[in-house]
$ cat data11.cif   # mmCIF, C-alpha atoms
data_query
loop_
_atom_site.label_atom_id
_atom_site.label_comp_id
_atom_site.auth_asym_id
_atom_site.auth_seq_id
_atom_site.Cartn_x
_atom_site.Cartn_y
_atom_site.Cartn_z
CA MET W 1 -29.74 -4.09 25.99
CA GLN W 2 -27.30 -7.02 25.95
CA LYS W 3 -26.24 -6.32 29.55
CA ALA W 4 -29.85 -6.47 30.80
CA SER W 5 -30.36 -9.77 29.00
CA THR W 6 -27.16 -11.16 30.53
CA SER W 7 -28.16 -10.09 34.04
CA VAL W 8 -31.60 -11.69 33.64
CA GLN W 9 -29.91 -14.91 32.51
CA SER W 10 -27.56 -14.72 35.48
CA VAL W 11 -30.48 -14.37 37.90
CA SER W 12 -32.26 -17.21 36.12
CA ASP W 13 -29.17 -19.41 36.41
CA ARG W 14 -28.88 -18.65 40.13
CA LEU W 15 -32.55 -19.36 40.77
CA ALA W 16 -32.29 -22.70 38.96
CA ARG W 17 -29.18 -23.58 40.95
CA VAL W 18 -30.90 -22.74 44.23
CA ALA W 19 -33.91 -24.82 43.15
CA LEU W 20 -31.61 -27.76 42.40
CA LEU W 21 -29.80 -27.39 45.72
CA ILE W 22 -33.07 -27.28 47.66
CA GLY W 23 -34.43 -30.21 45.65
CA GLY W 24 -31.27 -32.22 46.31
CA ALA W 25 -31.38 -31.40 50.02
CA ALA W 26 -35.03 -32.49 50.05
CA LEU W 27 -34.05 -35.84 48.51
CA ILE W 28 -31.38 -36.38 51.17
CA ALA W 29 -33.82 -35.42 53.91
CA LEU W 30 -36.42 -37.75 52.36
CA ALA W 31 -33.98 -40.66 52.56
CA LEU W 32 -33.25 -39.85 56.20
CA VAL W 33 -36.95 -39.57 57.10
CA GLU W 34 -37.72 -42.88 55.40
CA ALA W 35 -34.75 -44.55 57.11
CA TRP W 36 -36.04 -43.31 60.46
CA GLN W 37 -39.53 -44.58 59.59
CA VAL W 38 -38.21 -48.07 58.84
CA PHE W 39 -35.99 -48.14 61.94
CA ALA W 40 -38.75 -46.88 64.22
CA ARG W 41 -41.30 -49.29 62.82
CA TYR W 42 -39.29 -52.49 62.68
CA VAL W 43 -36.68 -52.00 65.42
CA LEU W 44 -38.44 -49.81 67.96
CA ASN W 45 -41.92 -51.07 67.10
CA ASP W 46 -43.13 -47.47 67.41
CA SER W 47 -43.96 -45.98 64.03
CA PRO W 48 -44.01 -42.15 64.16
CA GLY W 49 -47.01 -40.50 62.53
CA TRP W 50 -45.11 -37.48 61.23
CA THR W 51 -42.88 -39.32 58.77
CA GLU W 52 -45.42 -39.88 55.99
CA PRO W 53 -46.60 -36.26 55.64
CA VAL W 54 -43.04 -34.97 55.92
CA ALA W 55 -41.85 -37.48 53.32
CA LEU W 56 -44.62 -36.38 50.93
CA LEU W 57 -43.67 -32.73 51.41
CA LEU W 58 -40.01 -33.50 50.75
CA LEU W 59 -40.89 -35.56 47.67
CA ASN W 60 -43.10 -32.75 46.32
CA THR W 61 -40.28 -30.28 46.94
CA ALA W 62 -37.65 -32.37 45.16
CA MET W 63 -39.86 -33.14 42.16
CA SER W 64 -41.30 -29.65 41.74
CA LEU W 65 -38.07 -27.71 42.07
CA GLY W 66 -36.20 -30.24 39.93
CA ALA W 67 -38.80 -29.82 37.20
CA ALA W 68 -38.50 -26.03 37.39
CA ALA W 69 -34.71 -26.21 37.08
CA ALA W 70 -35.11 -28.56 34.11
CA VAL W 71 -37.23 -25.94 32.35
CA GLN W 72 -34.54 -23.31 32.90
CA GLN W 73 -31.84 -25.65 31.61
CA ARG W 74 -34.00 -26.79 28.68
CA ALA W 75 -33.71 -30.36 29.90
CA HIS W 76 -37.44 -30.93 30.32
CA PHE W 77 -39.49 -33.46 28.39
CA GLY W 78 -40.25 -32.39 24.86
CA PHE W 79 -40.82 -33.60 21.32
CA VAL W 80 -37.79 -32.23 19.51
CA VAL W 81 -37.57 -34.57 16.51
CA LEU W 82 -40.24 -32.70 14.53
CA ALA W 83 -38.78 -29.32 15.41
CA HIS W 84 -35.27 -30.44 14.50
CA ALA W 85 -36.38 -31.67 11.07
CA ALA W 86 -38.62 -28.69 10.35
CA PRO W 87 -37.67 -25.70 8.21
CA LEU W 88 -36.25 -22.73 10.11
CA ALA W 89 -39.47 -20.68 10.30
CA LEU W 90 -41.54 -23.64 11.47
CA ARG W 91 -38.83 -24.62 13.98
CA ARG W 92 -38.93 -21.13 15.51
CA PHE W 93 -42.72 -21.30 15.72
CA LEU W 94 -42.62 -24.73 17.38
CA GLU W 95 -39.95 -23.59 19.86
CA ARG W 96 -41.96 -20.52 20.79
CA PHE W 97 -45.20 -22.48 21.00
CA SER W 98 -43.53 -25.04 23.28
CA LEU W 99 -42.23 -22.30 25.57
CA LEU W 100 -45.67 -20.69 25.64
CA VAL W 101 -47.23 -24.03 26.65
CA VAL W 102 -44.64 -24.50 29.41
CA ALA W 103 -45.19 -20.93 30.66
CA SER W 104 -48.96 -21.44 30.65
CA LEU W 105 -48.74 -24.73 32.53
CA GLY W 106 -46.36 -23.15 35.03
CA GLY W 107 -48.84 -20.33 35.56
CA VAL W 108 -51.67 -22.83 36.10
CA LEU W 109 -49.56 -24.77 38.62
CA ALA W 110 -48.65 -21.57 40.45
CA ALA W 111 -52.16 -20.13 40.57
CA GLY W 112 -53.87 -23.44 41.31
CA GLY W 113 -51.26 -24.31 43.91
CA VAL W 114 -51.74 -21.01 45.72
CA ALA W 115 -55.52 -21.52 45.74
CA LEU W 116 -55.14 -25.06 47.14
CA LEU W 117 -52.50 -23.89 49.61
CA ALA W 118 -54.81 -21.18 50.97
CA ASP W 119 -57.79 -23.55 51.10
CA GLY W 120 -56.26 -26.07 53.50
CA TRP W 121 -53.85 -23.88 55.45
CA SER W 122 -55.95 -23.78 58.64
CA VAL W 123 -56.33 -27.57 58.89
CA ALA W 124 -53.51 -29.56 60.51
CA GLN W 125 -52.34 -32.82 58.95
CA ALA W 126 -52.84 -36.00 60.91
CA GLY W 127 -49.68 -36.94 62.78
CA THR W 128 -48.09 -33.49 62.50
CA GLN W 129 -48.79 -29.83 63.07
CA LEU W 130 -48.06 -28.95 59.45
CA PRO W 131 -50.95 -27.41 57.52
CA GLN W 132 -52.81 -29.93 55.40
CA SER W 133 -52.09 -27.99 52.23
CA VAL W 134 -48.36 -27.34 52.80
CA GLY W 135 -47.54 -29.81 50.04
CA TYR W 136 -48.86 -27.31 47.50
CA ALA W 137 -46.23 -24.70 48.45
CA PRO W 138 -43.42 -26.29 46.42
CA MET W 139 -45.75 -26.79 43.47
CA SER W 140 -46.78 -23.14 43.56
CA LEU W 141 -43.20 -21.91 43.75
CA ALA W 142 -42.04 -24.29 41.02
CA GLY W 143 -44.94 -23.30 38.77
CA ALA W 144 -44.00 -19.65 39.11
CA LEU W 145 -40.36 -20.50 38.37
CA MET W 146 -41.35 -22.58 35.33
CA ALA W 147 -43.48 -19.76 33.97
CA GLY W 148 -40.73 -17.22 34.56
CA PHE W 149 -38.00 -19.39 33.03
CA ALA W 150 -40.11 -20.21 29.97
CA LEU W 151 -41.12 -16.57 29.44
CA GLN W 152 -37.50 -15.47 29.72
CA GLN W 153 -36.52 -18.03 27.09
CA LEU W 154 -39.48 -17.04 24.91
CA ILE W 155 -38.39 -13.40 24.97
CA ALA W 156 -34.83 -14.48 24.14
CA THR W 157 -36.05 -16.25 20.98
CA PHE W 158 -37.19 -12.88 19.63
CA ARG W 159 -33.80 -11.30 20.38
CA THR W 160 -31.52 -13.93 18.86
CA PRO W 161 -31.48 -15.37 15.34
CA ALA W 162 -32.25 -19.05 14.93
CA ALA W 163 -29.37 -21.36 14.21
CA PRO W 164 -29.70 -23.40 11.00
CA THR W 165 -30.09 -27.15 11.33
CA VAL W 166 -26.91 -29.15 10.82
CA ASN W 167 -27.54 -32.25 8.71
#
$ encode --input "data11.cif" --output "structure tokens"
Amino acid sequence: MQKASTSVQSVSDRLARVALLIGGAALIALALVEAWQVFARYVLNDSPGWTEPVALLLLNTAMSLGAAAAVQQRAHFGFVVLAHAAPLALRRFLERFSLLVVASLGGVLAAGGVALLADGWSVAQAGTQLPQSVGYAPMSLAGALMAGFALQQLIATFRTPAAPTVN
């Protein structure tokens, strides 16, 4: 049973690393696209129409995948002061409740993102041939990753004993 848990964690670690690498590459590409936009607009006096939708897609990719990786690494936003000060049983409940909320929100992002992605796929964005809804693809993927990471961590809380609070 321990080996299966370790292999799931290993896959989870790899997925989070890939998400971070793609998010980081998207940030670099975003900087390059914006630099080209500024150069083309102010030096060439010929502003390309494709830069804004591509920049938005890259920004969505970086933010969404970065947020998913943060869930896997337990570095996401949370209210930990109450949980840290709570008795052991309440702390476990709060930790599990938090993970359930994150998994639920990830599921909503994934499902809603897929619905929005499908809805605008046949319409091209102005200035580019990209589908109008392509910006929802990273959100959908990240939502699924968030839900998966949170559920994996939730299951792990039932397999491992809680550590006592150090005062």
$ atom_distance --input "data11.cif" --atom1 "CA of Asp119 (chain W)" --atom2 "CA of Ala19 (chain W)"
25.2 Å
$ residues_around --input "data11.cif" --residues "region 22-38 of chain W" --least-positions-apart "6" --cutoff "8 Å" --atoms "only C-alpha atoms" --output "compact mmCIF listing (two decimals) with C-alpha atoms, in the coordinates of the input"
# COMPACT_ATOMS: atom_id res chain seq x y z
CA SER W 47 -43.96 -45.98 64.03
CA PRO W 48 -44.01 -42.15 64.16
CA THR W 51 -42.88 -39.32 58.77
CA VAL W 54 -43.04 -34.97 55.92
CA ALA W 55 -41.85 -37.48 53.32
CA LEU W 58 -40.01 -33.50 50.75
CA LEU W 59 -40.89 -35.56 47.67
CA THR W 61 -40.28 -30.28 46.94
CA ALA W 62 -37.65 -32.37 45.16
CA MET W 63 -39.86 -33.14 42.16
CA SER W 64 -41.30 -29.65 41.74
CA LEU W 65 -38.07 -27.71 42.07
CA GLY W 66 -36.20 -30.24 39.93
$ residues_near_point --input "data11.cif" --point "(-44.8, -25.0, 22.0)" --cutoff "12 Å" --atoms "only C-alpha atoms" --output "NGL selection string"
:W and (77-80 or 82-83 or 90-105 or 150-151 or 153-154)
$ atom_distance --input "data11.cif" --atom1 "CA of Gly135 (chain W)" --atom2 "CA of Leu56 (chain W)"
7.2 Å
$ atom_distance --input "data11.cif" --atom1 "CA of Val108 (chain W)" --atom2 "CA of Thr128 (chain W)"
28.7 Å
$ resolve_selection --input "data11.cif" --expression "the PyMOL selection byres ((chain W and resi 9-18) around 12)" --output "JSON list (two decimals) with C-alpha atoms, keeping the file's coordinate frame"
[["chain", "number", "residue", "atom", "x", "y", "z"],
["W", 2, "GLN", "CA", -27.30, -7.02, 25.95],
["W", 3, "LYS", "CA", -26.24, -6.32, 29.55],
["W", 4, "ALA", "CA", -29.85, -6.47, 30.80],
["W", 5, "SER", "CA", -30.36, -9.77, 29.00],
["W", 6, "THR", "CA", -27.16, -11.16, 30.53],
["W", 7, "SER", "CA", -28.16, -10.09, 34.04],
["W", 8, "VAL", "CA", -31.60, -11.69, 33.64],
["W", 19, "ALA", "CA", -33.91, -24.82, 43.15],
["W", 20, "LEU", "CA", -31.61, -27.76, 42.40],
["W", 21, "LEU", "CA", -29.80, -27.39, 45.72],
["W", 22, "ILE", "CA", -33.07, -27.28, 47.66],
["W", 23, "GLY", "CA", -34.43, -30.21, 45.65],
["W", 24, "GLY", "CA", -31.27, -32.22, 46.31],
["W", 25, "ALA", "CA", -31.38, -31.40, 50.02],
["W", 62, "ALA", "CA", -37.65, -32.37, 45.16],
["W", 64, "SER", "CA", -41.30, -29.65, 41.74],
["W", 65, "LEU", "CA", -38.07, -27.71, 42.07],
["W", 66, "GLY", "CA", -36.20, -30.24, 39.93],
["W", 67, "ALA", "CA", -38.80, -29.82, 37.20],
["W", 68, "ALA", "CA", -38.50, -26.03, 37.39],
["W", 69, "ALA", "CA", -34.71, -26.21, 37.08],
["W", 70, "ALA", "CA", -35.11, -28.56, 34.11],
["W", 71, "VAL", "CA", -37.23, -25.94, 32.35],
["W", 72, "GLN", "CA", -34.54, -23.31, 32.90],
["W", 73, "GLN", "CA", -31.84, -25.65, 31.61],
["W", 74, "ARG", "CA", -34.00, -26.79, 28.68],
["W", 75, "ALA", "CA", -33.71, -30.36, 29.90],
["W", 141, "LEU", "CA", -43.20, -21.91, 43.75],
["W", 142, "ALA", "CA", -42.04, -24.29, 41.02],
["W", 144, "ALA", "CA", -44.00, -19.65, 39.11],
["W", 145, "LEU", "CA", -40.36, -20.50, 38.37],
["W", 146, "MET", "CA", -41.35, -22.58, 35.33],
["W", 147, "ALA", "CA", -43.48, -19.76, 33.97],
["W", 148, "GLY", "CA", -40.73, -17.22, 34.56],
["W", 149, "PHE", "CA", -38.00, -19.39, 33.03],
["W", 150, "ALA", "CA", -40.11, -20.21, 29.97],
["W", 151, "LEU", "CA", -41.12, -16.57, 29.44],
["W", 152, "GLN", "CA", -37.50, -15.47, 29.72],
["W", 153, "GLN", "CA", -36.52, -18.03, 27.09],
["W", 155, "ILE", "CA", -38.39, -13.40, 24.97],
["W", 156, "ALA", "CA", -34.83, -14.48, 24.14]]
$ residues_around --input "data11.cif" --residues "Gly127 (chain W)" --least-positions-apart "6" --cutoff "8 Å" --atoms "all atoms listed in the file" --output "list of chain:residue names"
W:Pro48, W:Gly49, W:Trp50, W:Pro53
$ axis_aligned_box --input "data11.cif" --around "region 93-107 of chain W" --padding-each-side "6 Å" --output "JSON"
{"center_x": -44.5, "center_y": -22.7, "center_z": 25.6, "size_x": 21.0, "size_y": 16.7, "size_z": 31.8}
$ resolve_selection --input "data11.cif" --expression "the PyMOL selection byres ((chain W and resi 120) around 12)" --output "VMD selection string"
chain W and resid 113 to 119 121 to 125 130 to 137
$ write_last_selection --input "data11.cif" --atoms "C-alpha atoms" --output "PDB file, in the frame of the given file"
ATOM      1  CA  GLY W 113     -51.260 -24.310  43.910  1.00  0.00           C
ATOM      2  CA  VAL W 114     -51.740 -21.010  45.720  1.00  0.00           C
ATOM      3  CA  ALA W 115     -55.520 -21.520  45.740  1.00  0.00           C
ATOM      4  CA  LEU W 116     -55.140 -25.060  47.140  1.00  0.00           C
ATOM      5  CA  LEU W 117     -52.500 -23.890  49.610  1.00  0.00           C
ATOM      6  CA  ALA W 118     -54.810 -21.180  50.970  1.00  0.00           C
ATOM      7  CA  ASP W 119     -57.790 -23.550  51.100  1.00  0.00           C
ATOM      8  CA  TRP W 121     -53.850 -23.880  55.450  1.00  0.00           C
ATOM      9  CA  SER W 122     -55.950 -23.780  58.640  1.00  0.00           C
ATOM     10  CA  VAL W 123     -56.330 -27.570  58.890  1.00  0.00           C
ATOM     11  CA  ALA W 124     -53.510 -29.560  60.510  1.00  0.00           C
ATOM     12  CA  GLN W 125     -52.340 -32.820  58.950  1.00  0.00           C
ATOM     13  CA  LEU W 130     -48.060 -28.950  59.450  1.00  0.00           C
ATOM     14  CA  PRO W 131     -50.950 -27.410  57.520  1.00  0.00           C
ATOM     15  CA  GLN W 132     -52.810 -29.930  55.400  1.00  0.00           C
ATOM     16  CA  SER W 133     -52.090 -27.990  52.230  1.00  0.00           C
ATOM     17  CA  VAL W 134     -48.360 -27.340  52.800  1.00  0.00           C
ATOM     18  CA  GLY W 135     -47.540 -29.810  50.040  1.00  0.00           C
ATOM     19  CA  TYR W 136     -48.860 -27.310  47.500  1.00  0.00           C
ATOM     20  CA  ALA W 137     -46.230 -24.700  48.450  1.00  0.00           C
TER      21      ALA W 137
END
